[in-house]
Amino acid sequence: MSTANLVHAVKEHHIDCHIIKLGTMAFTGRRTSTSKKAIWRWNTRAASTPSCIQGPGSLYHLTKAQDGDLLYFYCRMWGIRVTDLNQGPVYGLNTEESREDPRLLPIFNYDDIFGTVLNRFLVQAAARVPLTSMAGGTDSGLLNLMDTIACVELAMRQPAGAGEYRVFNQFVETFAVNELAARVQAAGRNLGLPVEIKNIPNPRLEAEEHYYNPPHRPFVSGPATPLSHGRRVGGDAPDRPDL
């Protein structure tokens with residue numbers, strides 16, 4: 001409903017406004033075959049149909065797919081401009097602003113089962129709780145917060161054309177869940193934390209192993225930030241875990 005409200009506001013008040021949507025790669029990377037395209041573009045007046053929006057495997061990803069279908073529909077009907085930034089899990093706490101003032105650190109969300117898995121592992125390691133990983137684990141493409149911000153900025157500076165719906169796959173590295181758990185365990189032990197891993201059944205109804213080979217072309221100008229280049233944050237405030 002909020003997406004529909006946004007589209008109607010754009011139509012009524014500023015039809016040339018460029019809508020940028022943060023999507024998900026969960027239903028573009030996990031396909032049965034690989035498209036050679038890293039960027040999909042549709043001039044919607046040509047009546048071509050996106051082939052990248054299909055098969056979400058969770059309610060969360062379904063809502064992302066619904067938003068994409070809705071925006072594509074209004075590109076066709078009203079000629080609005082849309083860029084869909086399909087991104088993998090976003091990790092990291094630092095922005096240019098927060099480096100100047102730690103009070104500007106962005107919100108850090110975690111969940112004991114769902115949510116960004118790396119965030120969960122970090123909190124579990126800091127709290128000395130076993131990392132709840134899956135024995136096999138499915139691949140995901142990860143992106144640092146700084147690179148996410150850069151992607152949004154570049155999309156703003158290079159807007160879609162009238163009636164154009166375009167999709168960018170954005171990630172820097174791919175990891176399986178159990179690989180991330182092993183990396184967090186190694187980093188925690190280097191800091192003297194007794195990090196253990198506890199394998200649990202996959203809470204999602206999905207195959208333990210599946211095809212994952214999403215095409216992408218970097219949308220980030222300058223060097224991207226690999227996972228190994230993260231830095232320690234938090235710990236200096238009583239209500240923040242040392243991550």
# chains A, B, ... in the order shown; residues from 1 in each chain; ligands from 1
call {"tool": "residues_around", "arguments": {"residues": "range 119-121 of chain A", "least_positions_apart": "2", "cutoff": "7 Å", "atoms": "only C-alpha atoms", "output": "PyMOL selection string"}}
result
chain A and resi 110-112+116-117+123-125+131+181+184
call {"tool": "write_last_selection", "arguments": {"atoms": "all heavy atoms", "output": "mmCIF file, in the first residue's frame"}}
result
data_model
loop_
_atom_site.group_PDB
_atom_site.id
_atom_site.type_symbol
_atom_site.label_atom_id
_atom_site.label_comp_id
_atom_site.auth_asym_id
_atom_site.auth_seq_id
_atom_site.Cartn_x
_atom_site.Cartn_y
_atom_site.Cartn_z
ATOM 1 N N TYR A 110 19.151 -7.078 14.604
ATOM 2 C CA TYR A 110 19.516 -8.492 14.596
ATOM 3 C C TYR A 110 18.355 -9.310 15.138
ATOM 4 O O TYR A 110 17.460 -8.794 15.804
ATOM 5 C CB TYR A 110 20.785 -8.754 15.424
ATOM 6 C CG TYR A 110 20.625 -8.485 16.905
ATOM 7 C CD1 TYR A 110 20.259 -9.508 17.786
ATOM 8 C CD2 TYR A 110 20.832 -7.213 17.437
ATOM 9 C CE1 TYR A 110 20.102 -9.270 19.140
ATOM 10 C CE2 TYR A 110 20.679 -6.962 18.791
ATOM 11 C CZ TYR A 110 20.319 -7.996 19.633
ATOM 12 O OH TYR A 110 20.157 -7.754 20.968
ATOM 13 N N ASP A 111 18.374 -10.596 14.802
ATOM 14 C CA ASP A 111 17.320 -11.509 15.216
ATOM 15 C C ASP A 111 17.966 -12.857 15.461
ATOM 16 O O ASP A 111 18.975 -13.197 14.833
ATOM 17 C CB ASP A 111 16.248 -11.613 14.128
ATOM 18 C CG ASP A 111 15.056 -12.457 14.565
ATOM 19 O OD1 ASP A 111 15.078 -13.681 14.351
ATOM 20 O OD2 ASP A 111 14.109 -11.875 15.123
ATOM 21 N N ASP A 112 17.409 -13.658 16.377
ATOM 22 C CA ASP A 112 18.060 -14.930 16.712
ATOM 23 C C ASP A 112 17.843 -16.006 15.663
ATOM 24 O O ASP A 112 18.498 -17.056 15.705
ATOM 25 C CB ASP A 112 17.607 -15.431 18.089
ATOM 26 C CG ASP A 112 16.114 -15.719 18.146
ATOM 27 O OD1 ASP A 112 15.391 -15.258 17.241
ATOM 28 O OD2 ASP A 112 15.666 -16.401 19.085
ATOM 29 N N THR A 116 19.513 -10.228 9.048
ATOM 30 C CA THR A 116 20.859 -10.288 8.483
ATOM 31 C C THR A 116 21.715 -11.233 9.295
ATOM 32 O O THR A 116 22.008 -10.982 10.461
ATOM 33 C CB THR A 116 21.482 -8.884 8.446
ATOM 34 O OG1 THR A 116 20.653 -8.018 7.654
ATOM 35 C CG2 THR A 116 22.879 -8.917 7.852
ATOM 36 N N VAL A 117 22.144 -12.313 8.687
ATOM 37 C CA VAL A 117 22.803 -13.387 9.431
ATOM 38 C C VAL A 117 24.118 -12.921 10.047
ATOM 39 O O VAL A 117 24.466 -13.323 11.166
ATOM 40 C CB VAL A 117 23.009 -14.620 8.526
ATOM 41 C CG1 VAL A 117 23.991 -14.317 7.407
ATOM 42 C CG2 VAL A 117 23.471 -15.815 9.335
ATOM 43 N N VAL A 123 26.478 -10.409 17.192
ATOM 44 C CA VAL A 123 25.893 -10.235 18.522
ATOM 45 C C VAL A 123 26.060 -11.508 19.350
ATOM 46 O O VAL A 123 26.380 -11.457 20.547
ATOM 47 C CB VAL A 123 24.409 -9.842 18.407
ATOM 48 C CG1 VAL A 123 23.735 -9.863 19.770
ATOM 49 C CG2 VAL A 123 24.281 -8.459 17.783
ATOM 50 N N GLN A 124 25.851 -12.662 18.736
ATOM 51 C CA GLN A 124 26.017 -13.917 19.464
ATOM 52 C C GLN A 124 27.457 -14.097 19.930
ATOM 53 O O GLN A 124 27.697 -14.538 21.061
ATOM 54 C CB GLN A 124 25.590 -15.089 18.570
ATOM 55 C CG GLN A 124 24.085 -15.169 18.355
ATOM 56 C CD GLN A 124 23.682 -16.214 17.340
ATOM 57 O OE1 GLN A 124 24.425 -16.500 16.398
ATOM 58 N NE2 GLN A 124 22.500 -16.809 17.506
ATOM 59 N N ALA A 125 28.407 -13.745 19.085
ATOM 60 C CA ALA A 125 29.817 -13.863 19.479
ATOM 61 C C ALA A 125 30.137 -12.933 20.638
ATOM 62 O O ALA A 125 30.808 -13.333 21.604
ATOM 63 C CB ALA A 125 30.715 -13.560 18.280
ATOM 64 N N LEU A 131 26.958 -19.508 17.807
ATOM 65 C CA LEU A 131 26.441 -19.002 16.552
ATOM 66 C C LEU A 131 25.472 -20.021 15.955
ATOM 67 O O LEU A 131 25.833 -21.178 15.755
ATOM 68 C CB LEU A 131 27.576 -18.746 15.555
ATOM 69 C CG LEU A 131 28.796 -17.964 16.049
ATOM 70 C CD1 LEU A 131 29.738 -17.674 14.884
ATOM 71 C CD2 LEU A 131 28.388 -16.681 16.755
ATOM 72 N N ALA A 181 29.830 -18.010 9.462
ATOM 73 C CA ALA A 181 29.982 -18.429 10.852
ATOM 74 C C ALA A 181 31.438 -18.744 11.167
ATOM 75 O O ALA A 181 31.964 -18.355 12.226
ATOM 76 C CB ALA A 181 29.098 -19.642 11.133
ATOM 77 N N VAL A 184 33.413 -15.450 11.465
ATOM 78 C CA VAL A 184 33.139 -14.751 12.724
ATOM 79 C C VAL A 184 33.788 -15.496 13.888
ATOM 80 O O VAL A 184 34.344 -14.884 14.812
ATOM 81 C CB VAL A 184 31.621 -14.606 12.951
ATOM 82 C CG1 VAL A 184 31.324 -14.064 14.347
ATOM 83 C CG2 VAL A 184 31.024 -13.690 11.887
#
call {"tool": "closest_residue", "arguments": {"among": "A:Val90, A:Asn169, A:Phe114, A:Leu105", "to": "Ser58 in chain A", "atoms": "only C-alpha atoms"}}
result
A:Phe114
call {"tool": "closest_residue", "arguments": {"among": "A:Thr95, A:Thr3, A:Ala162, A:Gly188", "to": "Thr148 in chain A", "atoms": "only C-alpha atoms"}}
result
A:Thr95
call {"tool": "closest_atom_pairs", "arguments": {"of": "range 82-195 of chain A", "to": "range 70-76 of chain A", "cutoff": "10 Å", "atoms": "only C-alpha atoms", "output": "Markdown table"}}
result
| residue | atom | partner | partner_atom | distance |
| --- | --- | --- | --- | --- |
| A:Val82 | CA | A:Leu71 | CA | 7.1 |
| A:Thr83 | CA | A:Leu71 | CA | 9.5 |
| A:Asp84 | CA | A:Leu71 | CA | 9.2 |
| A:Ala162 | CA | A:Cys75 | CA | 8.0 |
| A:Gly163 | CA | A:Cys75 | CA | 4.8 |
| A:Glu164 | CA | A:Cys75 | CA | 6.4 |
| A:Tyr165 | CA | A:Tyr72 | CA | 6.0 |
| A:Arg166 | CA | A:Tyr72 | CA | 9.1 |
call {"tool": "write_last_selection", "arguments": {"atoms": "N, CA, C and O atoms", "output": "JSON list (two decimals), in the first residue's frame"}}
result
[["chain", "number", "residue", "atom", "x", "y", "z"],
["A", 82, "VAL", "N", 11.88, 4.34, -12.66],
["A", 82, "VAL", "CA", 12.17, 3.48, -11.51],
["A", 82, "VAL", "C", 13.53, 2.79, -11.68],
["A", 82, "VAL", "O", 13.82, 2.25, -12.76],
["A", 83, "THR", "N", 14.33, 2.83, -10.63],
["A", 83, "THR", "CA", 15.54, 2.01, -10.53],
["A", 83, "THR", "C", 15.37, 1.07, -9.35],
["A", 83, "THR", "O", 15.09, 1.52, -8.24],
["A", 84, "ASP", "N", 15.54, -0.22, -9.61],
["A", 84, "ASP", "CA", 15.42, -1.24, -8.57],
["A", 84, "ASP", "C", 16.82, -1.76, -8.25],
["A", 84, "ASP", "O", 17.44, -2.42, -9.08],
["A", 162, "ALA", "N", 12.12, 8.22, -18.70],
["A", 162, "ALA", "CA", 10.67, 8.17, -18.55],
["A", 162, "ALA", "C", 10.14, 6.84, -19.06],
["A", 162, "ALA", "O", 10.48, 6.39, -20.15],
["A", 163, "GLY", "N", 9.34, 6.16, -18.23],
["A", 163, "GLY", "CA", 8.79, 4.86, -18.60],
["A", 163, "GLY", "C", 9.78, 3.72, -18.49],
["A", 163, "GLY", "O", 9.46, 2.60, -18.90],
["A", 164, "GLU", "N", 10.95, 3.97, -17.92],
["A", 164, "GLU", "CA", 11.98, 2.92, -17.83],
["A", 164, "GLU", "C", 11.99, 2.28, -16.45],
["A", 164, "GLU", "O", 11.97, 2.97, -15.43],
["A", 165, "TYR", "N", 12.01, 0.96, -16.43],
["A", 165, "TYR", "CA", 12.17, 0.19, -15.19],
["A", 165, "TYR", "C", 13.48, -0.58, -15.33],
["A", 165, "TYR", "O", 13.62, -1.43, -16.19],
["A", 166, "ARG", "N", 14.46, -0.26, -14.51],
["A", 166, "ARG", "CA", 15.77, -0.90, -14.63],
["A", 166, "ARG", "C", 16.16, -1.55, -13.30],
["A", 166, "ARG", "O", 15.77, -1.08, -12.23]]
call {"tool": "atom_distance", "arguments": {"atom1": "CA of Ala187 in chain A", "atom2": "CA of Ala127 in chain A"}}
result
14.3 Å
call {"tool": "residues_around", "arguments": {"residues": "Asn86 in chain A", "least_positions_apart": "5", "cutoff": "8 Å", "atoms": "only C-alpha atoms", "output": "JSON list (two decimals) with N, CA, C and O atoms, in the first residue's frame"}}
result
[["chain", "number", "residue", "atom", "x", "y", "z"],
["A", 22, "LEU", "N", 15.02, -0.27, -3.01],
["A", 22, "LEU", "CA", 16.00, -1.25, -2.55],
["A", 22, "LEU", "C", 15.35, -2.62, -2.57],
["A", 22, "LEU", "O", 14.50, -2.93, -1.74],
["A", 23, "GLY", "N", 15.74, -3.43, -3.53],
["A", 23, "GLY", "CA", 15.15, -4.75, -3.68],
["A", 23, "GLY", "C", 16.03, -5.83, -3.07],
["A", 23, "GLY", "O", 16.85, -5.56, -2.20],
["A", 24, "THR", "N", 15.85, -7.05, -3.50],
["A", 24, "THR", "CA", 16.60, -8.17, -2.96],
["A", 24, "THR", "C", 17.06, -9.08, -4.08],
["A", 24, "THR", "O", 16.37, -9.24, -5.09],
["A", 25, "MET", "N", 18.23, -9.67, -3.90],
["A", 25, "MET", "CA", 18.76, -10.58, -4.90],
["A", 25, "MET", "C", 18.29, -12.01, -4.67],
["A", 25, "MET", "O", 18.66, -12.92, -5.42],
["A", 167, "VAL", "N", 16.92, -2.62, -13.40],
["A", 167, "VAL", "CA", 17.29, -3.41, -12.23],
["A", 167, "VAL", "C", 18.80, -3.58, -12.21],
["A", 167, "VAL", "O", 19.39, -3.97, -13.22],
["A", 168, "PHE", "N", 19.42, -3.30, -11.06],
["A", 168, "PHE", "CA", 20.85, -3.51, -10.88],
["A", 168, "PHE", "C", 21.06, -4.56, -9.79],
["A", 168, "PHE", "O", 20.52, -4.42, -8.69],
["A", 169, "ASN", "N", 21.83, -5.58, -10.08],
["A", 169, "ASN", "CA", 22.28, -6.51, -9.04],
["A", 169, "ASN", "C", 23.53, -5.94, -8.38],
["A", 169, "ASN", "O", 24.50, -5.64, -9.08],
["A", 170, "GLN", "N", 23.52, -5.82, -7.06],
["A", 170, "GLN", "CA", 24.64, -5.22, -6.37],
["A", 170, "GLN", "C", 25.14, -6.10, -5.23],
["A", 170, "GLN", "O", 24.40, -6.40, -4.29]]
call {"tool": "select_by_dssp", "arguments": {"residues": "range 33-202 of chain A", "states": "strand (DSSP E)", "output": "short mmCIF file (atom, residue, chain, number, x, y, z; two decimals) with all heavy atoms, in the first residue's frame"}}
result
data_model
loop_
_atom_site.label_atom_id
_atom_site.label_comp_id
_atom_site.auth_asym_id
_atom_site.auth_seq_id
_atom_site.Cartn_x
_atom_site.Cartn_y
_atom_site.Cartn_z
N ILE A 39 22.60 -5.86 -15.73
CA ILE A 39 21.66 -4.75 -15.57
C ILE A 39 20.50 -4.99 -16.53
O ILE A 39 20.70 -5.21 -17.71
CB ILE A 39 22.32 -3.40 -15.89
CG1 ILE A 39 23.52 -3.16 -14.98
CG2 ILE A 39 21.31 -2.26 -15.76
CD1 ILE A 39 24.31 -1.94 -15.36
N TRP A 40 19.30 -5.01 -15.99
CA TRP A 40 18.11 -5.15 -16.83
C TRP A 40 17.50 -3.78 -17.04
O TRP A 40 17.33 -3.00 -16.10
CB TRP A 40 17.09 -6.06 -16.17
CG TRP A 40 17.48 -7.50 -16.09
CD1 TRP A 40 17.36 -8.45 -17.07
CD2 TRP A 40 18.04 -8.17 -14.97
NE1 TRP A 40 17.82 -9.66 -16.62
CE2 TRP A 40 18.24 -9.52 -15.34
CE3 TRP A 40 18.42 -7.76 -13.70
CZ2 TRP A 40 18.78 -10.46 -14.49
CZ3 TRP A 40 18.96 -8.70 -12.83
CH2 TRP A 40 19.13 -10.02 -13.24
N ARG A 41 17.15 -3.48 -18.28
CA ARG A 41 16.48 -2.22 -18.57
C ARG A 41 15.27 -2.52 -19.45
O ARG A 41 15.36 -3.30 -20.39
CB ARG A 41 17.40 -1.26 -19.34
CG ARG A 41 18.63 -0.80 -18.58
CD ARG A 41 19.51 0.05 -19.49
NE ARG A 41 20.75 0.45 -18.85
CZ ARG A 41 20.91 1.54 -18.14
NH1 ARG A 41 19.89 2.35 -17.97
NH2 ARG A 41 22.07 1.84 -17.59
N TRP A 42 14.16 -1.90 -19.15
CA TRP A 42 12.99 -2.05 -19.99
C TRP A 42 12.43 -0.69 -20.33
O TRP A 42 12.15 0.11 -19.44
CB TRP A 42 11.90 -2.86 -19.28
CG TRP A 42 12.27 -4.29 -19.10
CD1 TRP A 42 12.14 -5.31 -20.00
CD2 TRP A 42 12.85 -4.87 -17.94
NE1 TRP A 42 12.61 -6.48 -19.47
CE2 TRP A 42 13.05 -6.25 -18.21
CE3 TRP A 42 13.24 -4.37 -16.70
CZ2 TRP A 42 13.61 -7.11 -17.29
CZ3 TRP A 42 13.81 -5.24 -15.78
CH2 TRP A 42 13.97 -6.59 -16.08
N ASN A 43 12.33 -0.42 -21.63
CA ASN A 43 11.50 0.68 -22.05
C ASN A 43 10.09 0.12 -22.08
O ASN A 43 9.73 -0.65 -22.96
CB ASN A 43 11.92 1.18 -23.44
CG ASN A 43 11.08 2.36 -23.88
OD1 ASN A 43 9.91 2.47 -23.51
ND2 ASN A 43 11.66 3.24 -24.66
N ARG A 81 9.57 6.76 -13.65
CA ARG A 81 10.98 6.35 -13.73
C ARG A 81 11.32 5.54 -12.48
O ARG A 81 11.12 6.02 -11.36
CB ARG A 81 11.90 7.56 -13.80
CG ARG A 81 11.54 8.57 -14.89
CD ARG A 81 12.23 9.89 -14.65
NE ARG A 81 11.81 10.90 -15.62
CZ ARG A 81 12.53 11.25 -16.69
NH1 ARG A 81 13.70 10.68 -16.90
NH2 ARG A 81 12.09 12.17 -17.51
N VAL A 82 11.88 4.34 -12.66
CA VAL A 82 12.17 3.48 -11.51
C VAL A 82 13.53 2.79 -11.68
O VAL A 82 13.82 2.25 -12.76
CB VAL A 82 11.09 2.41 -11.30
CG1 VAL A 82 11.48 1.46 -10.17
CG2 VAL A 82 9.74 3.05 -11.01
N THR A 83 14.33 2.83 -10.63
CA THR A 83 15.54 2.01 -10.53
C THR A 83 15.37 1.07 -9.35
O THR A 83 15.09 1.52 -8.24
CB THR A 83 16.80 2.88 -10.33
OG1 THR A 83 16.99 3.70 -11.48
CG2 THR A 83 18.03 2.00 -10.14
N ASP A 84 15.54 -0.22 -9.61
CA ASP A 84 15.42 -1.24 -8.57
C ASP A 84 16.82 -1.76 -8.25
O ASP A 84 17.44 -2.42 -9.08
CB ASP A 84 14.53 -2.38 -9.08
CG ASP A 84 13.96 -3.23 -7.95
OD1 ASP A 84 14.56 -3.22 -6.86
OD2 ASP A 84 12.95 -3.91 -8.18
N LEU A 85 17.33 -1.41 -7.08
CA LEU A 85 18.66 -1.85 -6.67
C LEU A 85 18.53 -3.16 -5.90
O LEU A 85 18.21 -3.17 -4.71
CB LEU A 85 19.34 -0.79 -5.79
CG LEU A 85 19.66 0.55 -6.47
CD1 LEU A 85 20.31 1.50 -5.47
CD2 LEU A 85 20.57 0.35 -7.67
N ASN A 86 18.76 -4.27 -6.59
CA ASN A 86 18.68 -5.58 -5.94
C ASN A 86 19.99 -5.85 -5.23
O ASN A 86 21.04 -5.99 -5.87
CB ASN A 86 18.42 -6.67 -6.98
CG ASN A 86 16.95 -6.76 -7.35
OD1 ASN A 86 16.11 -6.16 -6.69
ND2 ASN A 86 16.65 -7.48 -8.40
N GLN A 87 19.93 -5.92 -3.92
CA GLN A 87 21.15 -6.07 -3.13
C GLN A 87 21.07 -7.30 -2.25
O GLN A 87 20.00 -7.71 -1.82
CB GLN A 87 21.37 -4.83 -2.26
CG GLN A 87 21.51 -3.56 -3.10
CD GLN A 87 21.71 -2.33 -2.26
OE1 GLN A 87 21.34 -2.28 -1.10
NE2 GLN A 87 22.32 -1.32 -2.84
N VAL A 90 23.09 -6.48 3.60
CA VAL A 90 23.94 -5.32 3.83
C VAL A 90 24.48 -5.39 5.26
O VAL A 90 23.73 -5.59 6.21
CB VAL A 90 23.16 -4.01 3.62
CG1 VAL A 90 24.02 -2.81 3.96
CG2 VAL A 90 22.65 -3.92 2.18
N TYR A 91 25.78 -5.25 5.40
CA TYR A 91 26.40 -5.30 6.72
C TYR A 91 27.24 -4.04 6.92
O TYR A 91 27.52 -3.30 5.98
CB TYR A 91 27.29 -6.55 6.85
CG TYR A 91 28.50 -6.52 5.95
CD1 TYR A 91 29.70 -5.98 6.39
CD2 TYR A 91 28.43 -7.00 4.65
CE1 TYR A 91 30.81 -5.92 5.55
CE2 TYR A 91 29.53 -6.95 3.81
CZ TYR A 91 30.72 -6.41 4.27
OH TYR A 91 31.80 -6.36 3.43
N LEU A 131 26.96 -19.51 17.81
CA LEU A 131 26.44 -19.00 16.55
C LEU A 131 25.47 -20.02 15.95
O LEU A 131 25.83 -21.18 15.76
CB LEU A 131 27.58 -18.75 15.56
CG LEU A 131 28.80 -17.96 16.05
CD1 LEU A 131 29.74 -17.67 14.88
CD2 LEU A 131 28.39 -16.68 16.76
N THR A 132 24.24 -19.60 15.70
CA THR A 132 23.23 -20.52 15.16
C THR A 132 23.34 -20.53 13.64
O THR A 132 22.77 -19.68 12.95
CB THR A 132 21.82 -20.09 15.60
OG1 THR A 132 21.65 -18.68 15.35
CG2 THR A 132 21.64 -20.35 17.08
N SER A 133 24.07 -21.50 13.14
CA SER A 133 24.31 -21.63 11.71
C SER A 133 23.62 -22.87 11.18
O SER A 133 23.17 -23.73 11.95
CB SER A 133 25.81 -21.70 11.43
OG SER A 133 26.07 -21.87 10.05
N ASP A 139 24.25 -19.78 -0.46
CA ASP A 139 25.07 -18.64 -0.81
C ASP A 139 24.25 -17.36 -0.86
O ASP A 139 23.09 -17.36 -1.26
CB ASP A 139 25.73 -18.85 -2.17
CG ASP A 139 26.85 -19.86 -2.12
OD1 ASP A 139 27.31 -20.16 -0.99
OD2 ASP A 139 27.28 -20.34 -3.17
N SER A 140 24.90 -16.27 -0.47
CA SER A 140 24.31 -14.94 -0.59
C SER A 140 25.39 -13.96 -0.97
O SER A 140 26.55 -14.12 -0.59
CB SER A 140 23.66 -14.49 0.74
OG SER A 140 22.54 -15.28 1.06
N GLY A 141 25.00 -12.93 -1.73
CA GLY A 141 25.93 -11.88 -2.08
C GLY A 141 25.84 -10.76 -1.07
O GLY A 141 24.76 -10.25 -0.79
N LEU A 142 26.97 -10.38 -0.48
CA LEU A 142 26.99 -9.38 0.58
C LEU A 142 27.51 -8.03 0.08
O LEU A 142 28.30 -7.97 -0.86
CB LEU A 142 27.85 -9.84 1.76
CG LEU A 142 27.15 -10.76 2.77
CD1 LEU A 142 27.02 -12.17 2.22
CD2 LEU A 142 27.91 -10.79 4.09
N LEU A 143 27.05 -6.98 0.74
CA LEU A 143 27.41 -5.62 0.36
C LEU A 143 27.61 -4.79 1.62
O LEU A 143 26.79 -4.84 2.54
CB LEU A 143 26.31 -5.01 -0.50
CG LEU A 143 26.61 -3.72 -1.25
CD1 LEU A 143 27.60 -3.98 -2.37
CD2 LEU A 143 25.33 -3.13 -1.82
N ASN A 144 28.70 -4.03 1.65
CA ASN A 144 28.96 -3.16 2.79
C ASN A 144 28.05 -1.94 2.75
O ASN A 144 27.66 -1.48 1.67
CB ASN A 144 30.43 -2.72 2.77
CG ASN A 144 30.80 -1.90 3.98
OD1 ASN A 144 30.64 -0.70 4.00
ND2 ASN A 144 31.29 -2.57 5.01
N GLU A 164 10.95 3.97 -17.92
CA GLU A 164 11.98 2.92 -17.83
C GLU A 164 11.99 2.28 -16.45
O GLU A 164 11.97 2.97 -15.43
CB GLU A 164 13.36 3.49 -18.12
CG GLU A 164 14.46 2.43 -18.11
CD GLU A 164 15.84 3.00 -18.38
OE1 GLU A 164 16.04 4.22 -18.17
OE2 GLU A 164 16.72 2.23 -18.79
N TYR A 165 12.01 0.96 -16.43
CA TYR A 165 12.17 0.19 -15.19
C TYR A 165 13.48 -0.58 -15.33
O TYR A 165 13.62 -1.43 -16.19
CB TYR A 165 11.00 -0.76 -15.01
CG TYR A 165 11.13 -1.68 -13.81
CD1 TYR A 165 10.91 -1.21 -12.52
CD2 TYR A 165 11.47 -3.02 -13.96
CE1 TYR A 165 11.02 -2.04 -11.43
CE2 TYR A 165 11.58 -3.86 -12.87
CZ TYR A 165 11.36 -3.35 -11.60
OH TYR A 165 11.48 -4.19 -10.51
N ARG A 166 14.46 -0.26 -14.51
CA ARG A 166 15.77 -0.90 -14.63
C ARG A 166 16.16 -1.55 -13.30
O ARG A 166 15.77 -1.08 -12.23
CB ARG A 166 16.84 0.09 -15.07
CG ARG A 166 17.04 1.25 -14.10
CD ARG A 166 18.09 2.23 -14.61
NE ARG A 166 18.34 3.24 -13.59
CZ ARG A 166 19.28 4.19 -13.69
NH1 ARG A 166 20.02 4.26 -14.78
NH2 ARG A 166 19.46 5.06 -12.73
N VAL A 167 16.92 -2.62 -13.40
CA VAL A 167 17.29 -3.41 -12.23
C VAL A 167 18.80 -3.58 -12.21
O VAL A 167 19.39 -3.97 -13.22
CB VAL A 167 16.61 -4.80 -12.26
CG1 VAL A 167 17.03 -5.62 -11.05
CG2 VAL A 167 15.10 -4.66 -12.30
N PHE A 168 19.42 -3.30 -11.06
CA PHE A 168 20.85 -3.51 -10.88
C PHE A 168 21.06 -4.56 -9.79
O PHE A 168 20.52 -4.42 -8.69
CB PHE A 168 21.55 -2.22 -10.45
CG PHE A 168 21.59 -1.15 -11.50
CD1 PHE A 168 20.51 -0.31 -11.69
CD2 PHE A 168 22.72 -0.95 -12.28
CE1 PHE A 168 20.54 0.69 -12.65
CE2 PHE A 168 22.76 0.05 -13.24
CZ PHE A 168 21.67 0.87 -13.42
N ASN A 169 21.83 -5.58 -10.08
CA ASN A 169 22.28 -6.51 -9.04
C ASN A 169 23.53 -5.94 -8.38
O ASN A 169 24.50 -5.64 -9.08
CB ASN A 169 22.62 -7.88 -9.64
CG ASN A 169 21.38 -8.74 -9.86
OD1 ASN A 169 20.31 -8.43 -9.34
ND2 ASN A 169 21.53 -9.80 -10.61
N GLN A 170 23.52 -5.82 -7.06
CA GLN A 170 24.64 -5.22 -6.37
C GLN A 170 25.14 -6.10 -5.23
O GLN A 170 24.40 -6.40 -4.29
CB GLN A 170 24.25 -3.84 -5.81
CG GLN A 170 24.03 -2.79 -6.89
CD GLN A 170 25.28 -2.56 -7.72
OE1 GLN A 170 26.29 -2.09 -7.23
NE2 GLN A 170 25.22 -2.92 -8.99
N GLU A 173 30.84 -9.68 -2.51
CA GLU A 173 31.35 -11.02 -2.26
C GLU A 173 30.18 -11.97 -2.02
O GLU A 173 29.10 -11.53 -1.60
CB GLU A 173 32.27 -11.04 -1.04
CG GLU A 173 33.48 -10.14 -1.17
CD GLU A 173 34.22 -10.02 0.16
OE1 GLU A 173 33.72 -9.32 1.05
OE2 GLU A 173 35.30 -10.63 0.29
N THR A 174 30.39 -13.25 -2.26
CA THR A 174 29.37 -14.25 -1.95
C THR A 174 29.91 -15.23 -0.92
O THR A 174 31.07 -15.64 -0.99
CB THR A 174 28.93 -15.02 -3.20
OG1 THR A 174 30.06 -15.69 -3.77
CG2 THR A 174 28.32 -14.08 -4.23
N PHE A 175 29.05 -15.58 0.05
CA PHE A 175 29.41 -16.53 1.10
C PHE A 175 28.22 -17.40 1.42
O PHE A 175 27.07 -16.96 1.33
CB PHE A 175 29.84 -15.81 2.39
CG PHE A 175 31.10 -15.00 2.27
CD1 PHE A 175 31.04 -13.63 2.10
CD2 PHE A 175 32.34 -15.61 2.33
CE1 PHE A 175 32.19 -12.88 1.99
CE2 PHE A 175 33.49 -14.88 2.23
CZ PHE A 175 33.43 -13.51 2.06
N ALA A 176 28.49 -18.62 1.83
CA ALA A 176 27.47 -19.46 2.44
C ALA A 176 27.37 -19.11 3.92
O ALA A 176 28.31 -18.55 4.51
CB ALA A 176 27.81 -20.93 2.26
N ILE A 197 30.10 -22.70 17.41
CA ILE A 197 29.07 -22.76 16.37
C ILE A 197 28.11 -23.90 16.67
O ILE A 197 28.54 -25.02 16.96
CB ILE A 197 29.71 -22.97 14.98
CG1 ILE A 197 30.62 -21.78 14.63
CG2 ILE A 197 28.62 -23.14 13.91
CD1 ILE A 197 31.38 -21.95 13.32
N LYS A 198 26.82 -23.61 16.62
CA LYS A 198 25.79 -24.61 16.84
C LYS A 198 24.95 -24.72 15.57
O LYS A 198 24.24 -23.78 15.19
CB LYS A 198 24.89 -24.22 18.02
CG LYS A 198 23.75 -25.20 18.27
CD LYS A 198 22.86 -24.72 19.41
CE LYS A 198 21.69 -25.66 19.63
NZ LYS A 198 20.80 -25.18 20.71
N ASN A 199 25.03 -25.85 14.88
CA ASN A 199 24.25 -26.04 13.66
C ASN A 199 22.79 -26.34 14.00
O ASN A 199 22.50 -27.16 14.87
CB ASN A 199 24.83 -27.19 12.83
CG ASN A 199 26.17 -26.83 12.22
OD1 ASN A 199 26.37 -25.70 11.77
ND2 ASN A 199 27.10 -27.77 12.21
#
call {"tool": "closest_residue", "arguments": {"among": "A:Pro106, A:Asn178, A:Trp78, A:Gln66", "to": "Val7 in chain A", "atoms": "only C-alpha atoms"}}
result
A:Trp78
call {"tool": "residues_around", "arguments": {"residues": "Met156 in chain A", "least_positions_apart": "5", "cutoff": "9 Å", "atoms": "only C-alpha atoms", "output": "list in words"}}
result
His18, Ile19, Ile20 and Cys151 of chain A
call {"tool": "select_by_dssp", "arguments": {"residues": "range 62-144 of chain A", "states": "helix (DSSP H, G or I)", "output": "number ranges by chain"}}
result
A: 62-78, 96-100, 102-104, 117-126
